[in-house]
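Printed here is my_file.txt (compact mmCIF, C-alpha atoms and all ligand atoms):
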```txt
# COMPACT_ATOMS: atom_id res chain seq x y z
CA MET V 1 -3.15 9.85 24.52
CA ARG V 2 -2.73 12.24 21.58
CA ALA V 3 -4.21 11.24 18.21
CA VAL V 4 -5.58 12.66 14.97
CA VAL V 5 -9.35 12.46 15.29
CA ILE V 6 -11.94 12.66 12.53
CA GLU V 7 -15.12 14.07 14.08
CA GLU V 8 -16.87 14.83 10.79
CA HIS V 9 -16.25 13.78 7.17
CA GLY V 10 -14.72 16.34 4.83
CA GLY V 11 -11.50 17.78 3.41
CA PRO V 12 -8.02 17.65 5.00
CA GLU V 13 -9.06 20.52 7.31
CA VAL V 14 -11.21 18.13 9.40
CA LEU V 15 -8.06 16.39 10.69
CA HIS V 16 -7.22 17.66 14.17
CA ALA V 17 -4.75 16.47 16.76
CA GLY V 18 -6.54 15.95 20.06
CA LYS V 19 -6.92 13.69 23.06
CA VAL V 20 -8.62 10.30 23.02
CA ALA V 21 -8.78 7.42 25.50
CA ASP V 22 -5.85 4.96 25.50
CA PRO V 23 -6.62 1.64 23.75
CA GLU V 24 -7.61 -1.19 26.09
CA VAL V 25 -5.82 -4.42 25.32
CA GLY V 26 -7.75 -7.71 25.16
CA PRO V 27 -6.28 -11.09 26.20
CA LEU V 28 -4.90 -11.89 22.71
CA GLU V 29 -3.82 -8.33 21.85
CA VAL V 30 -0.79 -6.11 22.40
CA LEU V 31 -0.45 -2.37 22.99
CA ILE V 32 1.88 -0.72 20.48
CA LYS V 33 3.69 2.61 20.84
CA VAL V 34 3.39 3.97 17.29
CA TRP V 35 6.75 5.25 16.04
CA ALA V 36 5.59 5.67 12.42
CA CYS V 37 2.40 5.23 10.39
CA GLY V 38 2.14 5.36 6.59
CA VAL V 39 -0.48 7.56 4.89
CA ASN V 40 -2.67 5.71 2.36
CA HIS V 41 -5.64 6.35 0.10
CA VAL V 42 -7.75 4.34 2.53
CA ASP V 43 -7.13 7.09 5.14
CA LEU V 44 -8.41 9.67 2.66
CA TYR V 45 -11.52 7.56 2.02
CA LEU V 46 -12.16 7.24 5.75
CA ARG V 47 -11.82 11.01 6.15
CA GLN V 48 -14.10 11.69 3.18
CA GLY V 49 -16.63 9.09 4.31
CA ILE V 50 -16.34 7.18 1.00
CA ILE V 51 -15.88 3.90 2.78
CA GLY V 52 -16.14 3.17 6.45
CA ALA V 53 -19.70 4.46 6.67
CA SER V 54 -20.09 1.79 9.31
CA ILE V 55 -17.10 3.11 11.28
CA PRO V 56 -18.59 5.35 13.95
CA LEU V 57 -17.09 8.80 14.29
CA PRO V 58 -15.00 10.05 15.94
CA ALA V 59 -12.39 7.77 14.32
CA VAL V 60 -8.59 7.73 14.10
CA PRO V 61 -7.13 7.08 10.60
CA GLY V 62 -3.94 5.13 9.84
CA ARG V 63 -3.54 1.48 8.81
CA GLU V 64 0.22 1.12 8.20
CA VAL V 65 1.82 0.97 11.62
CA ALA V 66 5.28 0.24 13.00
CA GLY V 67 6.14 0.48 16.67
CA GLU V 68 7.18 -1.04 19.94
CA ILE V 69 5.19 -3.44 22.14
CA MET V 70 4.38 -1.76 25.47
CA GLU V 71 1.88 -4.20 26.99
CA LEU V 72 0.87 -7.82 26.41
CA GLY V 73 -2.61 -9.34 26.72
CA GLU V 74 -2.71 -12.10 29.35
CA LEU V 75 -2.82 -14.90 26.73
CA VAL V 76 -0.04 -13.54 24.47
CA THR V 77 3.01 -15.79 24.65
CA ASP V 78 4.98 -15.29 21.42
CA PHE V 79 6.04 -11.67 21.96
CA GLU V 80 7.76 -9.63 24.63
CA ILE V 81 7.52 -6.06 25.84
CA GLY V 82 9.96 -3.97 23.81
CA ASP V 83 9.66 -6.08 20.64
CA ARG V 84 9.82 -3.97 17.47
CA VAL V 85 6.93 -4.90 15.20
CA THR V 86 4.79 -4.01 12.25
CA VAL V 87 1.18 -5.03 11.78
CA LEU V 88 -0.90 -6.60 9.02
CA PRO V 89 -3.29 -3.72 8.12
CA ARG V 90 -6.44 -5.90 8.38
CA PHE V 91 -6.77 -8.51 11.10
CA PRO V 92 -7.92 -11.83 9.58
CA CYS V 93 -10.43 -13.89 11.56
CA GLY V 94 -8.57 -17.15 10.88
CA ASN V 95 -11.82 -19.11 10.43
CA CYS V 96 -13.63 -18.01 7.26
CA GLU V 97 -13.15 -19.75 3.89
CA PRO V 98 -10.51 -17.32 2.49
CA CYS V 99 -8.57 -17.56 5.80
CA ARG V 100 -8.70 -21.37 5.69
CA ILE V 101 -7.19 -21.46 2.19
CA GLY V 102 -4.41 -19.06 3.25
CA GLU V 103 -5.86 -15.95 1.59
CA GLU V 104 -6.02 -13.84 4.75
CA GLY V 105 -6.08 -10.63 2.71
CA MET V 106 -9.58 -11.57 1.51
CA CYS V 107 -10.90 -12.42 5.00
CA LEU V 108 -14.66 -11.92 5.08
CA LYS V 109 -14.68 -10.84 8.72
CA ALA V 110 -11.44 -8.88 8.95
CA ALA V 111 -11.20 -5.96 11.34
CA SER V 112 -9.00 -2.95 10.58
CA ILE V 113 -6.27 -1.70 12.86
CA PRO V 114 -7.91 0.95 15.06
CA GLY V 115 -5.96 4.01 13.97
CA GLY V 116 -2.21 4.57 13.62
CA TYR V 117 -2.24 8.38 13.68
CA ALA V 118 -1.99 8.07 17.45
CA GLU V 119 0.63 7.69 20.17
CA TYR V 120 -0.61 4.15 20.84
CA THR V 121 -2.68 1.55 19.07
CA LYS V 122 -3.52 -2.10 19.64
CA ALA V 123 -3.44 -5.23 17.50
CA PRO V 124 -3.96 -8.98 17.84
CA ALA V 125 -0.65 -10.77 18.37
CA SER V 126 -1.60 -13.01 15.42
CA SER V 127 -1.22 -10.06 13.01
CA LEU V 128 2.28 -8.94 14.05
CA VAL V 129 5.61 -9.36 12.27
CA ILE V 130 8.87 -8.79 14.19
CA LEU V 131 11.27 -6.27 12.62
CA GLN V 132 14.87 -7.30 12.06
CA PRO V 133 17.48 -4.81 13.39
CA GLU V 134 18.23 -3.57 9.85
CA VAL V 135 14.62 -2.43 9.39
CA SER V 136 13.78 0.94 10.96
CA TYR V 137 10.27 1.90 12.06
CA ASP V 138 10.08 4.35 9.14
CA MET V 139 11.04 1.63 6.67
CA ALA V 140 8.44 -0.76 8.09
CA ALA V 141 5.67 1.86 8.10
CA GLY V 142 6.63 2.63 4.51
CA VAL V 143 5.94 -0.90 3.30
CA ALA V 144 3.36 -2.65 5.52
CA LEU V 145 0.36 -1.75 3.38
CA ALA V 146 1.49 -0.20 0.07
CA TYR V 147 4.47 -2.44 -0.70
CA LEU V 148 2.62 -5.47 0.66
CA THR V 149 -0.13 -4.70 -1.87
CA ALA V 150 2.47 -4.45 -4.65
CA TRP V 151 4.13 -7.69 -3.51
CA HIS V 152 0.84 -9.61 -3.54
CA MET V 153 -0.02 -8.17 -6.98
CA LEU V 154 3.30 -9.05 -8.62
CA ILE V 155 4.45 -12.20 -6.86
CA SER V 156 1.24 -14.00 -5.86
CA ARG V 157 -1.33 -12.79 -8.39
CA ALA V 158 0.62 -11.89 -11.57
CA LYS V 159 3.34 -14.49 -10.88
CA VAL V 160 5.76 -12.22 -12.72
CA ARG V 161 8.70 -14.01 -14.31
CA SER V 162 12.26 -13.05 -15.19
CA GLY V 163 12.44 -11.36 -18.60
CA GLU V 164 8.85 -10.13 -18.67
CA ASP V 165 7.88 -6.53 -19.39
CA VAL V 166 5.89 -4.88 -16.58
CA LEU V 167 4.08 -1.53 -16.72
CA VAL V 168 3.83 0.19 -13.31
CA HIS V 169 1.48 3.16 -13.02
CA ALA V 170 2.21 6.16 -10.80
CA ALA V 171 5.85 5.64 -9.85
CA GLY V 172 5.52 8.28 -7.12
CA SER V 173 2.77 6.46 -5.23
CA GLY V 174 3.42 3.91 -2.48
CA VAL V 175 2.21 0.97 -4.57
CA GLY V 176 4.10 2.32 -7.61
CA SER V 177 7.46 2.87 -5.89
CA GLY V 178 7.15 -0.59 -4.30
CA ALA V 179 6.08 -2.32 -7.51
CA ILE V 180 9.04 -0.93 -9.47
CA GLN V 181 11.50 -2.44 -6.99
CA ILE V 182 9.65 -5.74 -6.53
CA ALA V 183 9.31 -6.28 -10.30
CA LYS V 184 13.04 -5.61 -10.74
CA LEU V 185 13.81 -8.05 -7.91
CA ALA V 186 11.79 -10.66 -9.85
CA GLY V 187 13.91 -10.04 -12.95
CA ALA V 188 11.41 -8.08 -15.05
CA ARG V 189 12.00 -5.06 -17.25
CA VAL V 190 10.01 -2.18 -15.77
CA ILE V 191 8.28 0.65 -17.60
CA ALA V 192 6.89 3.21 -15.15
CA THR V 193 4.58 6.20 -15.58
CA ALA V 194 4.73 9.47 -13.63
CA GLY V 195 3.21 12.93 -13.87
CA SER V 196 6.33 15.10 -14.07
CA ASP V 197 9.88 15.05 -15.44
CA THR V 198 11.27 15.11 -11.89
CA LYS V 199 9.26 12.01 -11.01
CA VAL V 200 10.36 10.32 -14.24
CA GLU V 201 13.98 10.78 -13.12
CA ARG V 202 13.20 9.48 -9.62
CA ALA V 203 11.47 6.44 -11.11
CA LYS V 204 14.66 5.58 -13.00
CA GLN V 205 16.75 6.15 -9.86
CA ILE V 206 14.77 3.51 -7.96
CA GLY V 207 15.08 0.97 -10.75
CA ALA V 208 12.65 1.62 -13.62
CA ASP V 209 14.27 0.78 -16.97
CA GLU V 210 12.01 3.25 -18.76
CA ALA V 211 9.71 5.98 -17.48
CA ILE V 212 6.95 7.89 -19.25
CA ASN V 213 5.69 11.37 -18.33
CA TYR V 214 1.95 10.79 -18.84
CA SER V 215 1.22 14.52 -18.69
CA LYS V 216 3.31 15.05 -21.84
CA GLU V 217 2.69 11.91 -23.91
CA ASP V 218 0.03 9.23 -24.25
CA PHE V 219 1.23 6.37 -22.04
CA GLN V 220 -0.31 3.67 -24.24
CA ASP V 221 1.47 4.96 -27.38
CA ALA V 222 4.71 5.21 -25.42
CA VAL V 223 4.42 1.65 -24.04
CA ILE V 224 3.69 0.23 -27.50
CA GLY V 225 6.72 2.13 -28.83
CA LEU V 226 9.02 0.93 -26.04
CA THR V 227 8.01 -2.71 -26.64
CA GLU V 228 8.38 -2.63 -30.45
CA GLY V 229 4.62 -2.89 -30.89
CA ARG V 230 4.23 -5.97 -28.68
CA GLY V 231 2.89 -4.53 -25.44
CA VAL V 232 3.73 -5.56 -21.88
CA ASP V 233 3.14 -8.89 -20.13
CA VAL V 234 1.85 -7.37 -16.89
CA VAL V 235 0.17 -4.07 -15.98
CA ILE V 236 0.14 -3.00 -12.33
CA GLU V 237 -3.15 -1.06 -12.37
CA HIS V 238 -4.13 0.80 -9.18
CA ILE V 239 -5.50 4.02 -10.70
CA GLY V 240 -8.97 3.10 -11.96
CA ALA V 241 -11.29 4.58 -14.57
CA GLU V 242 -8.79 7.24 -15.69
CA THR V 243 -6.29 4.67 -17.02
CA TRP V 244 -8.13 1.31 -17.20
CA GLU V 245 -9.05 1.16 -20.89
CA LYS V 246 -5.57 2.19 -22.04
CA SER V 247 -3.96 -0.15 -19.50
CA ILE V 248 -5.73 -3.06 -21.23
CA GLY V 249 -4.55 -1.63 -24.56
CA CYS V 250 -0.94 -1.87 -23.31
CA LEU V 251 -1.12 -5.66 -22.86
CA ALA V 252 0.64 -8.15 -25.14
CA PHE V 253 -0.97 -11.50 -26.07
CA ASN V 254 -1.54 -13.57 -22.89
CA GLY V 255 -1.01 -10.38 -20.88
CA ARG V 256 -2.26 -9.96 -17.29
CA LEU V 257 -3.76 -6.82 -15.84
CA ILE V 258 -3.64 -6.83 -12.03
CA THR V 259 -5.86 -4.30 -10.27
CA SER V 260 -5.79 -3.29 -6.62
CA GLY V 261 -7.33 0.16 -6.58
CA ALA V 262 -9.61 2.58 -8.40
CA HIS V 263 -9.37 6.00 -6.77
CA THR V 264 -10.14 7.74 -10.08
CA GLY V 265 -13.43 5.86 -10.49
CA VAL V 266 -14.74 2.29 -10.40
CA TYR V 267 -16.50 2.04 -13.79
CA SER V 268 -14.76 1.76 -17.14
CA ARG V 269 -15.38 0.46 -20.66
CA VAL V 270 -13.70 -2.73 -21.80
CA ASN V 271 -13.35 -4.11 -25.30
CA ILE V 272 -14.52 -7.70 -24.82
CA GLN V 273 -13.20 -8.79 -28.20
CA GLU V 274 -9.72 -7.57 -27.32
CA ILE V 275 -9.82 -9.68 -24.13
CA PHE V 276 -10.67 -12.99 -25.79
CA ILE V 277 -8.68 -12.59 -29.01
CA LYS V 278 -5.52 -11.67 -27.09
CA GLN V 279 -6.32 -14.17 -24.30
CA LEU V 280 -5.92 -11.51 -21.63
CA SER V 281 -6.37 -12.07 -17.91
CA LEU V 282 -7.96 -9.41 -15.70
CA ILE V 283 -6.96 -10.21 -12.14
CA GLY V 284 -8.03 -8.66 -8.86
CA SER V 285 -5.68 -8.31 -5.91
CA TYR V 286 -6.30 -7.17 -2.37
CA LEU V 287 -3.68 -6.51 0.30
CA GLY V 288 -1.57 -9.56 1.20
CA THR V 289 -0.88 -12.09 3.93
CA ARG V 290 1.22 -12.08 7.08
CA HIS V 291 3.59 -14.54 5.42
CA GLU V 292 4.03 -12.17 2.45
CA LEU V 293 4.65 -9.25 4.83
CA ALA V 294 7.40 -11.27 6.51
CA GLN V 295 8.94 -12.13 3.10
CA LEU V 296 8.82 -8.49 2.03
CA LEU V 297 10.48 -7.33 5.28
CA LYS V 298 13.22 -9.91 4.75
CA ALA V 299 13.94 -8.33 1.36
CA VAL V 300 14.01 -4.90 3.06
CA ALA V 301 16.39 -6.16 5.79
CA ARG V 302 18.74 -7.50 3.11
CA GLY V 303 18.75 -4.19 1.25
CA ARG V 304 17.04 -5.69 -1.81
CA ILE V 305 14.09 -3.32 -1.44
CA THR V 306 14.48 0.22 -0.11
CA PRO V 307 11.28 1.93 1.05
CA VAL V 308 11.05 5.35 -0.60
CA ILE V 309 10.07 7.93 2.03
CA ASP V 310 9.06 11.37 0.73
CA SER V 311 8.44 13.18 4.01
CA VAL V 312 7.42 12.77 7.64
CA TYR V 313 4.86 14.74 9.67
CA PRO V 314 3.90 15.11 13.33
CA LEU V 315 0.24 14.49 14.25
CA GLU V 316 -0.42 18.21 13.75
CA GLY V 317 0.75 17.87 10.12
CA ALA V 318 -1.67 15.11 9.10
CA HIS V 319 -3.82 17.52 7.09
CA GLU V 320 -0.74 18.63 5.11
CA ALA V 321 0.12 15.01 4.35
CA HIS V 322 -3.41 14.33 3.09
CA ARG V 323 -3.35 17.44 0.93
CA MET V 324 0.02 16.42 -0.52
CA MET V 325 -1.35 12.98 -1.46
CA GLU V 326 -4.55 14.38 -2.96
CA GLU V 327 -2.52 16.74 -5.13
CA ARG V 328 -0.16 13.87 -6.11
CA ARG V 329 2.88 15.93 -5.13
CA GLN V 330 4.82 13.21 -3.30
CA PHE V 331 7.35 10.69 -4.54
CA GLY V 332 7.18 7.71 -2.23
CA LYS V 333 5.60 7.36 1.17
CA LEU V 334 4.31 10.01 3.54
CA LEU V 335 4.62 9.07 7.21
CA ILE V 336 2.93 10.34 10.36
CA LYS V 337 5.24 10.21 13.38
CA PRO V 338 3.14 10.69 16.54
CA TRP V 339 6.16 11.33 18.77
CA LEU V 340 7.75 13.89 16.45
CA LYS V 341 7.67 17.35 18.00
ZN ZN V 401 -11.28 -14.76 7.86
```

Show this structure as structure tokens.
Ligand SMILES: [Zn+2]
Amino acid sequence: MRAVVIEEHGGPEVLHAGKVADPEVGPLEVLIKVWACGVNHVDLYLRQGIIGASIPLPAVPGREVAGEIMELGELVTDFEIGDRVTVLPRFPCGNCEPCRIGEEGMCLKAASIPGGYAEYTKAPASSLVILQPEVSYDMAAGVALAYLTAWHMLISRAKVRSGEDVLVHAAGSGVGSGAIQIAKLAGARVIATAGSDTKVERAKQIGADEAINYSKEDFQDAVIGLTEGRGVDVVIEHIGAETWEKSIGCLAFNGRLITSGAHTGVYSRVNIQEIFIKQLSLIGSYLGTRHELAQLLKAVARGRITPVIDSVYPLEGAHEAHRMMEERRQFGKLLIKPWLK
């Protein structure tokens, strides 16, 4: 089959479309024809060799897959050939302590989907969610990792409530564009940040009540101004060292900072006094569960959440998609479509 193969770590130029062996399906797995695959920071890390040092090269990137079941393992009974599905990006083991308490996203032994920038991939049947007719492959591949992350952050970890003020960083990112819509669905007032005036406008179009151009004004000052000096109840923090200290500074008393990513650096200063005097909570969040993915897709099917797709690329365009993400030029999701000519 055709796939994007990483043979050596490096810049976007190391991504090449080539031939690899078809996946071989085990008894509890299915073969999926990949109709769309979202591009995520984790793909960039894999390419750069930042994480996944243990993943032997050559490797195929892509963790956010939607497609059609082409073959069933001999023990798979709950699905049929032709079913339209999306896949939980990490396959939980089902047996470790986090799995047993229903926190599959934290599974200690999870395996990652073996590459969605390919004509076919495989997944355990236990990680699949069926797509309702209203949900296209592009929509599903636009939400299965990024919006699932945002859902878990807001609904399960922050437990955001109606009437709260929520700050969402990077409205143009996958997590950002998802978080704006999910926070609105939960009844919050959303303040978003973005790096250009065009993105500020787009952020408002997808539901943000307020949007700040962080390249023109200090986002912390702007947030304090927009909340009459109070600060926000929740910060959706997925940027890292570049924004962390000011994100904490944006919190109101009893505020919660939820973090799920740190692509600008993993170390930052914190003012300990500020944390205890204001009774702040710093909360980690990682991916989400199959149940949450199903809930999220229900909201998509009902038109309550609309995946924001910036652009789509054939396998040969994967390097362009990576460059676009590294330069923060997109608004919404970038998708690889292996069957696009
Ligand atoms: Zn587990």

Can you pull out the residues contacting range 279-286 of chain V? Cut-off 6 Å, using all atoms listed in the file, and skip same-chain residues under 4 positions away; I want them as a short mmCIF file (atom, residue, chain, number, x, y, z; two decimals) with C-alpha atoms, in the frame of the given file.
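The result, written out as result_22.cif:
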```
data_model
loop_
_atom_site.label_atom_id
_atom_site.label_comp_id
_atom_site.auth_asym_id
_atom_site.auth_seq_id
_atom_site.Cartn_x
_atom_site.Cartn_y
_atom_site.Cartn_z
CA MET V 153 -0.02 -8.17 -6.98
CA ASN V 254 -1.54 -13.57 -22.89
CA GLY V 255 -1.01 -10.38 -20.88
CA ARG V 256 -2.26 -9.96 -17.29
CA LEU V 257 -3.76 -6.82 -15.84
CA ILE V 258 -3.64 -6.83 -12.03
CA THR V 259 -5.86 -4.30 -10.27
CA SER V 260 -5.79 -3.29 -6.62
CA ILE V 275 -9.82 -9.68 -24.13
#
```

Discussion item. I want to know what sits within 8 Å of range 5-15 of chain V, based on only C-alpha atoms, with residues of the same chain fewer than 2 positions away left out; could you give that as a list in words?
Written reply: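 That gives Ala3, Ala17, Gly18, Leu46, Arg47, Gln48, Gly49, Leu57, Pro58, Ala59, Val60, Pro61, Ala318, His319, Glu320, His322 and Arg323 of chain V.
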
Item to complete: Check every protein, DNA and RNA residue against ligand ZN 401 (chain V), keep those with an atom at most 8 Å away (counting all atoms listed in the file), and present them as a ChimeraX atom specification.
Response: /V:92-100,104,106-110

Discussion item. As an exercise, work out the distance from CA of Gly102 in chain V to CA of Ile130 in chain V in Å and give it to one decimal place.
Written reply: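 Taking CA of Gly102 in chain V and CA of Ile130 in chain V, their separation equals 20.0 Å.
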
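For the set V:Pro307, V:Gly38, V:Gly225, V:Gly332, the residue with the smallest atom-to-atom gap to Lys199 in chain V is V:Gly332, counting only C-alpha atoms.
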
Worksheet entry | Nearest to Ala144 in chain V, chosen from V:Leu296, V:Val235, V:Val190, V:Val200, with all atoms listed in the file counted in the distances |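 When distances to Ala144 in chain V are compared using all atoms listed in the file, the smallest one comes from V:Leu296.
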
Kindly assemble as a tab-separated table a list of the range 35-54 of chain V residues that lie within 12 Å of range 174-180 of chain V, each paired with its nearest atom pair and their distance in Å to one decimal, using all atoms listed in the file, sorted first by chain and then by ascending residue number.
```
residue	atom	partner	partner_atom	distance
V:Gly38	CA	V:Gly174	CA	9.3
V:Val39	CA	V:Gly174	CA	9.1
V:Asn40	CA	V:Gly174	CA	8.0
V:His41	CA	V:Gly174	CA	9.7
```

Discussion item. Using all atoms listed in the file, which protein or nucleic acid residues come within 8 Å of Glu64 in chain V? Drop anything in the same chain fewer than 2 positions from it, and give the result as a PyMOL selection string.
Written reply: chain V and resi 37-40+62+66+86-89+116+141-145

Practice prompt. Please indicate the distance in Å from CA of Glu103 in chain V to CA of Thr289 in chain V, rounded to one decimal place.
Written response: 6.7 Å

Practice prompt. Place a sphere of radius 12 Å on (-7.8, 6.1, -11.2) in the file coordinates and name every protein, DNA or RNA residue with an atom inside or on its surface, counting only C-alpha atoms; give the answer as an MDAnalysis selection string.
Written response: chainID V and resid 41 169:170 237:247 259:268

Worksheet entry | Contacts of Phe79 in chain V within 9 Å, only C-alpha atoms, excl. fewer than 4 positions in-chain, as a ChimeraX atom specification | /V:30,69,72,83,125,130

Take every atom of range 297-308 of chain V listed in the file, pad by 3 Å on each side, and give me the axis-aligned box centre and edge lengths in Å, one decimal, as AutoDock Vina command-line options.
```
--center_x 14.6 --center_y -2.3 --center_z 2.0 --size_x 14.3 --size_y 21.3 --size_z 13.6
```

Worksheet entry | Closest of V:Gln330, V:Cys250, V:Leu340, V:Val168 to Ser196 in chain V - atom-to-atom distances counting all atoms listed in the file |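 Of the candidates, the smallest distance to Ser196 in chain V is held by V:Gln330.
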
Item to complete: Could you tell me how far CA of Ala186 in chain V lies from CA of Ser162 in chain V, in Å and to one decimal?
Response: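 Interatomic distance, CA of Ala186 in chain V to CA of Ser162 in chain V: 5.9 Å.
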
Worksheet item: Neighbours of Phe253 in chain V within 9 Å (all atoms listed in the file; same-chain residues fewer than 6 positions away dropped), as a list in words?
Response: Arg230, Gly231, Val232, Asp233, Ile277, Lys278, Gln279 and Leu280 of chain V
